[in-house]
Amino acid sequence: MASSRRCRERRWRAASVSLALFFAAGPCPSLAQTLQDKIAACTACHGESGQSQDANVPSIGGQPKLFIMYQLFFYREGRRANPEMNTIAKDMSDAELTAISEYVAGLPAPPPTSSGPTDEARYRRGAELADKRICGACHNADYSGREQMPRLAGQHEAYLVKAFKEYQAGTRVGTQAAMAEAVRGLADADFADLAYYLARFRR
C-alpha cells in the first residue's frame with residue numbers, strides 16, 4: 001500500500017533525527033535510546049505533533065493514555081494485526097508502553113476537519129446517529145475520549161469508517177463489546193455520515 005510505503009520512508013528519515021525525550025534525565029541510557037527510536041517511528045507516520053497527514057493513518061495526538069496503552073499492548077501481543085505496528089510494538093517493554101502512551105497523550109489534539117464548507121444536512125444526520133447510538137456516553141459529550149475509549153473528534157473520516165466496519169465485522173479487538181453493539185445494523189451510508197460529523201465536530 002502507498003501509505004505503508006510512505007510510513008516506511010518517513011521512519012527511515014526519522015531514525016536520523018534526535019528527538020527531545022520527555023524524561024531525558026532517566027537513569028538508563030540504553031532504554032532511553034530505544035524509546036527515542038520508537039517515538040521517532042511513531043511520529044514518522046502519525047506526525048510529529050500526533051496529527052497524521054495521511055487519511056488512512058489515524059491522528060494520535062490527545063488520545064487518552066490508557067487507550068494508547070491498550071492499543072500498543074494489542075499490537076505487541078498480536079491481538080491487532082498491522083505488520084508495521086506489530087513490528088514496532090513487538091519488543092516494547094511495559095515501561096515503554098507507559099512512557100510512549102504518556103508522550104502521545106500530551107500531544108495536541110487534532111482540530112476539526114476543514115476541507116471546504118460543511119454540508120450541514122449531512123452534519124446533522126451524523127449528529128442524530130451519534131445521539132441515537134449514545135456515542136457520547138463512552139467517548140464524552142465532546143468526543144474527546146476517556147480512559148480506554150478513544151478520542152473521535154477531529155479524526156480522519158476514512159480511518160473512522162474503516163474502524164466502524166472492522167468493529168461491525170468483528171475483526172477489530174476492543175476492551176469491551178460495546179462498539180460491536182453500537183455499530184450493529186448500520187449501513188455504509190450511516191458510517192459515512194457519522195464519520196463526517198465526528199471529523200468536523202464543533203462544540
# chains A, B, ... in the order shown; residues from 1 in each chain; ligands from 1
>>> residues_around(residues="region 157-164 of chain A", least_positions_apart="5", cutoff="9 Å", atoms="only C-alpha atoms", output="JSON, numbers by chain")
{"A": [55, 56, 57, 58, 113, 152, 169, 172, 179, 180, 183, 188, 191, 192, 194, 195, 196, 197, 198, 199]}
>>> write_last_selection(atoms="N, CA and C atoms", output="PDB file, in the first residue's frame")
ATOM      1  N   ALA A  55      -4.872  10.266   5.339  1.00  0.00           N
ATOM      2  CA  ALA A  55      -6.247   9.997   5.770  1.00  0.00           C
ATOM      3  C   ALA A  55      -6.454   8.570   6.267  1.00  0.00           C
ATOM      4  N   ASN A  56      -5.560   7.646   5.873  1.00  0.00           N
ATOM      5  CA  ASN A  56      -5.694   6.259   6.299  1.00  0.00           C
ATOM      6  C   ASN A  56      -4.877   5.930   7.543  1.00  0.00           C
ATOM      7  N   VAL A  57      -4.134   6.913   8.036  1.00  0.00           N
ATOM      8  CA  VAL A  57      -3.335   6.736   9.249  1.00  0.00           C
ATOM      9  C   VAL A  57      -3.929   7.640  10.326  1.00  0.00           C
ATOM     10  N   PRO A  58      -4.317   7.099  11.465  1.00  0.00           N
ATOM     11  CA  PRO A  58      -5.011   7.920  12.461  1.00  0.00           C
ATOM     12  C   PRO A  58      -4.138   8.982  13.097  1.00  0.00           C
ATOM     13  N   THR A 113     -11.851  18.816  11.013  1.00  0.00           N
ATOM     14  CA  THR A 113     -11.526  18.826   9.592  1.00  0.00           C
ATOM     15  C   THR A 113     -12.088  20.082   8.939  1.00  0.00           C
ATOM     16  N   LEU A 152     -12.603  10.758  19.300  1.00  0.00           N
ATOM     17  CA  LEU A 152     -13.164  10.645  17.957  1.00  0.00           C
ATOM     18  C   LEU A 152     -13.176  11.989  17.232  1.00  0.00           C
ATOM     19  N   ALA A 169     -17.698  -6.011  11.627  1.00  0.00           N
ATOM     20  CA  ALA A 169     -17.327  -7.335  11.111  1.00  0.00           C
ATOM     21  C   ALA A 169     -16.709  -8.230  12.179  1.00  0.00           C
ATOM     22  N   ARG A 172     -11.937  -6.212  14.630  1.00  0.00           N
ATOM     23  CA  ARG A 172     -11.129  -5.315  15.471  1.00  0.00           C
ATOM     24  C   ARG A 172     -11.404  -5.611  16.932  1.00  0.00           C
ATOM     25  N   MET A 179     -18.661  -1.532  21.300  1.00  0.00           N
ATOM     26  CA  MET A 179     -18.554  -0.996  19.948  1.00  0.00           C
ATOM     27  C   MET A 179     -19.259  -1.882  18.931  1.00  0.00           C
ATOM     28  N   ALA A 180     -19.164  -3.167  19.085  1.00  0.00           N
ATOM     29  CA  ALA A 180     -19.853  -4.070  18.160  1.00  0.00           C
ATOM     30  C   ALA A 180     -21.353  -3.815  18.206  1.00  0.00           C
ATOM     31  N   VAL A 183     -22.423  -0.283  16.514  1.00  0.00           N
ATOM     32  CA  VAL A 183     -22.463  -0.183  15.046  1.00  0.00           C
ATOM     33  C   VAL A 183     -23.352  -1.245  14.404  1.00  0.00           C
ATOM     34  N   ASP A 188     -23.349   1.420   5.153  1.00  0.00           N
ATOM     35  CA  ASP A 188     -22.173   2.192   4.762  1.00  0.00           C
ATOM     36  C   ASP A 188     -22.465   3.692   4.748  1.00  0.00           C
ATOM     37  N   PHE A 191     -22.250   4.990   8.246  1.00  0.00           N
ATOM     38  CA  PHE A 191     -20.855   5.132   8.668  1.00  0.00           C
ATOM     39  C   PHE A 191     -20.261   6.420   8.108  1.00  0.00           C
ATOM     40  N   ALA A 192     -20.559   6.692   6.831  1.00  0.00           N
ATOM     41  CA  ALA A 192     -20.010   7.878   6.178  1.00  0.00           C
ATOM     42  C   ALA A 192     -20.511   9.154   6.850  1.00  0.00           C
ATOM     43  N   LEU A 194     -21.723   9.471   9.958  1.00  0.00           N
ATOM     44  CA  LEU A 194     -21.220   9.530  11.329  1.00  0.00           C
ATOM     45  C   LEU A 194     -19.762  10.000  11.347  1.00  0.00           C
ATOM     46  N   ALA A 195     -18.957   9.465  10.437  1.00  0.00           N
ATOM     47  CA  ALA A 195     -17.554   9.871  10.352  1.00  0.00           C
ATOM     48  C   ALA A 195     -17.436  11.339   9.940  1.00  0.00           C
ATOM     49  N   TYR A 196     -18.301  11.760   9.037  1.00  0.00           N
ATOM     50  CA  TYR A 196     -18.287  13.158   8.589  1.00  0.00           C
ATOM     51  C   TYR A 196     -18.531  14.085   9.777  1.00  0.00           C
ATOM     52  N   TYR A 197     -19.497  13.754  10.576  1.00  0.00           N
ATOM     53  CA  TYR A 197     -19.846  14.563  11.752  1.00  0.00           C
ATOM     54  C   TYR A 197     -18.709  14.589  12.772  1.00  0.00           C
ATOM     55  N   LEU A 198     -18.162  13.436  13.102  1.00  0.00           N
ATOM     56  CA  LEU A 198     -17.125  13.367  14.126  1.00  0.00           C
ATOM     57  C   LEU A 198     -15.845  14.080  13.685  1.00  0.00           C
ATOM     58  N   ALA A 199     -15.503  13.943  12.419  1.00  0.00           N
ATOM     59  CA  ALA A 199     -14.300  14.606  11.906  1.00  0.00           C
ATOM     60  C   ALA A 199     -14.407  16.122  11.979  1.00  0.00           C
TER      61      ALA A 199
END
>>> residues_around(residues="Tyr143 (chain A)", least_positions_apart="3", cutoff="8 Å", atoms="only C-alpha atoms", output="MDAnalysis selection string")
chainID A and resid 135:136 139:140 151:153 198
>>> closest_residue(among="A:Pro150, A:Pro117, A:Gly106, A:Gly185", to="Arg200 (chain A)", atoms="only C-alpha atoms")
A:Pro117
>>> atom_distance(atom1="CA of Glu166 (chain A)", atom2="CA of Arg80 (chain A)")
11.2 Å
>>> closest_residue(among="A:Gln36, A:Gly116, A:Arg125, A:Gln176", to="Cys138 (chain A)", atoms="only C-alpha atoms")
A:Gln176
>>> closest_residue(among="A:Tyr123, A:Tyr75, A:Tyr103, A:Tyr70", to="Glu147 (chain A)", atoms="only C-alpha atoms")
A:Tyr70
>>> residues_around(residues="Lys38 (chain A)", least_positions_apart="6", cutoff="9 Å", atoms="only C-alpha atoms", output="MDAnalysis selection string")
chainID A and resid 88:89 92 96 100
>>> select_by_dssp(residues="region 17-183 of chain A", states="helix (DSSP H, G or I)", output="VMD selection string")
chain A and resid 29 to 46 65 to 77 83 to 89 94 to 105 120 to 132 135 to 139 157 to 169 178 to 182
>>> write_last_selection(atoms="C-alpha atoms", output="PDB file, in the first residue's frame")
ATOM      1  CA  PRO A  29      20.691   5.486  28.532  1.00  0.00           C
ATOM      2  CA  SER A  30      20.138   2.298  26.526  1.00  0.00           C
ATOM      3  CA  LEU A  31      16.426   2.277  27.366  1.00  0.00           C
ATOM      4  CA  ALA A  32      16.188   5.983  26.578  1.00  0.00           C
ATOM      5  CA  GLN A  33      17.771   5.458  23.147  1.00  0.00           C
ATOM      6  CA  THR A  34      15.422   2.576  22.414  1.00  0.00           C
ATOM      7  CA  LEU A  35      12.441   4.653  23.442  1.00  0.00           C
ATOM      8  CA  GLN A  36      13.708   7.610  21.438  1.00  0.00           C
ATOM      9  CA  ASP A  37      13.824   5.463  18.323  1.00  0.00           C
ATOM     10  CA  LYS A  38      10.318   4.128  18.944  1.00  0.00           C
ATOM     11  CA  ILE A  39       8.885   7.594  19.459  1.00  0.00           C
ATOM     12  CA  ALA A  40      10.549   8.620  16.195  1.00  0.00           C
ATOM     13  CA  ALA A  41       8.887   5.659  14.467  1.00  0.00           C
ATOM     14  CA  CYS A  42       5.506   6.751  15.857  1.00  0.00           C
ATOM     15  CA  THR A  43       5.810  10.363  14.751  1.00  0.00           C
ATOM     16  CA  ALA A  44       7.161   9.396  11.324  1.00  0.00           C
ATOM     17  CA  CYS A  45       3.735   8.052  10.366  1.00  0.00           C
ATOM     18  CA  HIS A  46       1.390   9.776  12.816  1.00  0.00           C
ATOM     19  CA  LYS A  65      -3.167   7.484  27.826  1.00  0.00           C
ATOM     20  CA  LEU A  66      -4.984   4.268  28.729  1.00  0.00           C
ATOM     21  CA  PHE A  67      -6.385   3.900  25.215  1.00  0.00           C
ATOM     22  CA  ILE A  68      -2.902   4.172  23.688  1.00  0.00           C
ATOM     23  CA  MET A  69      -1.532   1.670  26.197  1.00  0.00           C
ATOM     24  CA  TYR A  70      -4.219  -0.860  25.308  1.00  0.00           C
ATOM     25  CA  GLN A  71      -3.645  -0.462  21.566  1.00  0.00           C
ATOM     26  CA  LEU A  72       0.125  -0.850  21.851  1.00  0.00           C
ATOM     27  CA  PHE A  73      -0.428  -3.890  24.046  1.00  0.00           C
ATOM     28  CA  PHE A  74      -2.808  -5.409  21.480  1.00  0.00           C
ATOM     29  CA  TYR A  75      -0.248  -4.832  18.720  1.00  0.00           C
ATOM     30  CA  ARG A  76       2.578  -6.221  20.835  1.00  0.00           C
ATOM     31  CA  GLU A  77       0.630  -9.373  21.647  1.00  0.00           C
ATOM     32  CA  PRO A  83       2.537  -5.517  10.026  1.00  0.00           C
ATOM     33  CA  GLU A  84       4.189  -2.175  10.728  1.00  0.00           C
ATOM     34  CA  MET A  85       2.624  -1.655  14.155  1.00  0.00           C
ATOM     35  CA  ASN A  86       3.234  -5.279  15.151  1.00  0.00           C
ATOM     36  CA  THR A  87       6.906  -4.867  14.247  1.00  0.00           C
ATOM     37  CA  ILE A  88       7.274  -1.599  16.158  1.00  0.00           C
ATOM     38  CA  ALA A  89       5.490  -2.849  19.283  1.00  0.00           C
ATOM     39  CA  ASP A  94       5.644  -2.425  29.776  1.00  0.00           C
ATOM     40  CA  ALA A  95       7.656   0.642  30.840  1.00  0.00           C
ATOM     41  CA  GLU A  96       7.989   1.728  27.218  1.00  0.00           C
ATOM     42  CA  LEU A  97       4.268   1.236  26.592  1.00  0.00           C
ATOM     43  CA  THR A  98       3.569   3.515  29.540  1.00  0.00           C
ATOM     44  CA  ALA A  99       6.121   6.159  28.545  1.00  0.00           C
ATOM     45  CA  ILE A 100       5.033   6.310  24.912  1.00  0.00           C
ATOM     46  CA  SER A 101       1.383   6.493  25.945  1.00  0.00           C
ATOM     47  CA  GLU A 102       2.136   9.438  28.241  1.00  0.00           C
ATOM     48  CA  TYR A 103       4.016  11.168  25.424  1.00  0.00           C
ATOM     49  CA  VAL A 104       1.201  10.677  22.901  1.00  0.00           C
ATOM     50  CA  ALA A 105      -1.489  11.794  25.357  1.00  0.00           C
ATOM     51  CA  GLU A 120     -24.952  20.992   7.291  1.00  0.00           C
ATOM     52  CA  ALA A 121     -27.593  18.406   6.347  1.00  0.00           C
ATOM     53  CA  ARG A 122     -25.018  15.645   6.404  1.00  0.00           C
ATOM     54  CA  TYR A 123     -23.535  17.002   9.638  1.00  0.00           C
ATOM     55  CA  ARG A 124     -26.977  16.863  11.279  1.00  0.00           C
ATOM     56  CA  ARG A 125     -27.546  13.295  10.059  1.00  0.00           C
ATOM     57  CA  GLY A 126     -24.267  12.289  11.659  1.00  0.00           C
ATOM     58  CA  ALA A 127     -25.160  14.103  14.883  1.00  0.00           C
ATOM     59  CA  GLU A 128     -28.505  12.310  15.041  1.00  0.00           C
ATOM     60  CA  LEU A 129     -26.814   8.950  14.557  1.00  0.00           C
ATOM     61  CA  ALA A 130     -24.306   9.736  17.314  1.00  0.00           C
ATOM     62  CA  ASP A 131     -27.168  10.644  19.646  1.00  0.00           C
ATOM     63  CA  LYS A 132     -29.168   7.512  18.815  1.00  0.00           C
ATOM     64  CA  CYS A 135     -21.643   7.654  21.399  1.00  0.00           C
ATOM     65  CA  GLY A 136     -21.133  10.454  23.914  1.00  0.00           C
ATOM     66  CA  ALA A 137     -21.852   8.195  26.869  1.00  0.00           C
ATOM     67  CA  CYS A 138     -18.491   6.474  26.448  1.00  0.00           C
ATOM     68  CA  HIS A 139     -16.464   8.940  24.377  1.00  0.00           C
ATOM     69  CA  GLU A 157     -13.114  10.298   8.127  1.00  0.00           C
ATOM     70  CA  ALA A 158     -11.565   7.441   6.158  1.00  0.00           C
ATOM     71  CA  TYR A 159      -9.987   5.978   9.261  1.00  0.00           C
ATOM     72  CA  LEU A 160     -13.213   6.276  11.283  1.00  0.00           C
ATOM     73  CA  VAL A 161     -15.196   4.484   8.568  1.00  0.00           C
ATOM     74  CA  LYS A 162     -12.575   1.733   8.461  1.00  0.00           C
ATOM     75  CA  ALA A 163     -12.743   1.302  12.238  1.00  0.00           C
ATOM     76  CA  PHE A 164     -16.553   1.194  12.258  1.00  0.00           C
ATOM     77  CA  LYS A 165     -16.584  -1.501   9.591  1.00  0.00           C
ATOM     78  CA  GLU A 166     -13.987  -3.573  11.423  1.00  0.00           C
ATOM     79  CA  TYR A 167     -15.977  -3.433  14.644  1.00  0.00           C
ATOM     80  CA  GLN A 168     -19.121  -4.419  12.762  1.00  0.00           C
ATOM     81  CA  ALA A 169     -17.327  -7.335  11.111  1.00  0.00           C
ATOM     82  CA  ALA A 178     -19.908  -2.022  23.350  1.00  0.00           C
ATOM     83  CA  MET A 179     -18.554  -0.996  19.948  1.00  0.00           C
ATOM     84  CA  ALA A 180     -19.853  -4.070  18.160  1.00  0.00           C
ATOM     85  CA  GLU A 181     -23.291  -3.299  19.553  1.00  0.00           C
ATOM     86  CA  ALA A 182     -23.014   0.426  18.777  1.00  0.00           C
TER      87      ALA A 182
END
>>> residues_around(residues="Gly47 (chain A)", least_positions_apart="4", cutoff="9 Å", atoms="only C-alpha atoms", output="PyMOL selection string")
chain A and resi 42-43+51-53+59-61
>>> write_last_selection(atoms="C-alpha atoms", output="CSV table (one decimal), in the first residue's frame")
chain,number,residue,atom,x,y,z
A,42,CYS,CA,5.5,6.8,15.9
A,43,THR,CA,5.8,10.4,14.8
A,51,GLN,CA,-1.6,14.8,13.6
A,52,SER,CA,-1.4,12.5,10.6
A,53,GLN,CA,-1.3,13.9,7.1
A,59,SER,CA,-4.1,11.1,14.3
A,60,ILE,CA,-3.0,10.1,17.8
A,61,GLY,CA,-2.4,13.5,19.5
>>> atom_distance(atom1="CA of Gly174 (chain A)", atom2="CA of Glu48 (chain A)")
26.4 Å
>>> closest_residue(among="A:Ser114, A:Ser93, A:Asn82, A:Gln155", to="Gly62 (chain A)", atoms="only C-alpha atoms")
A:Gln155
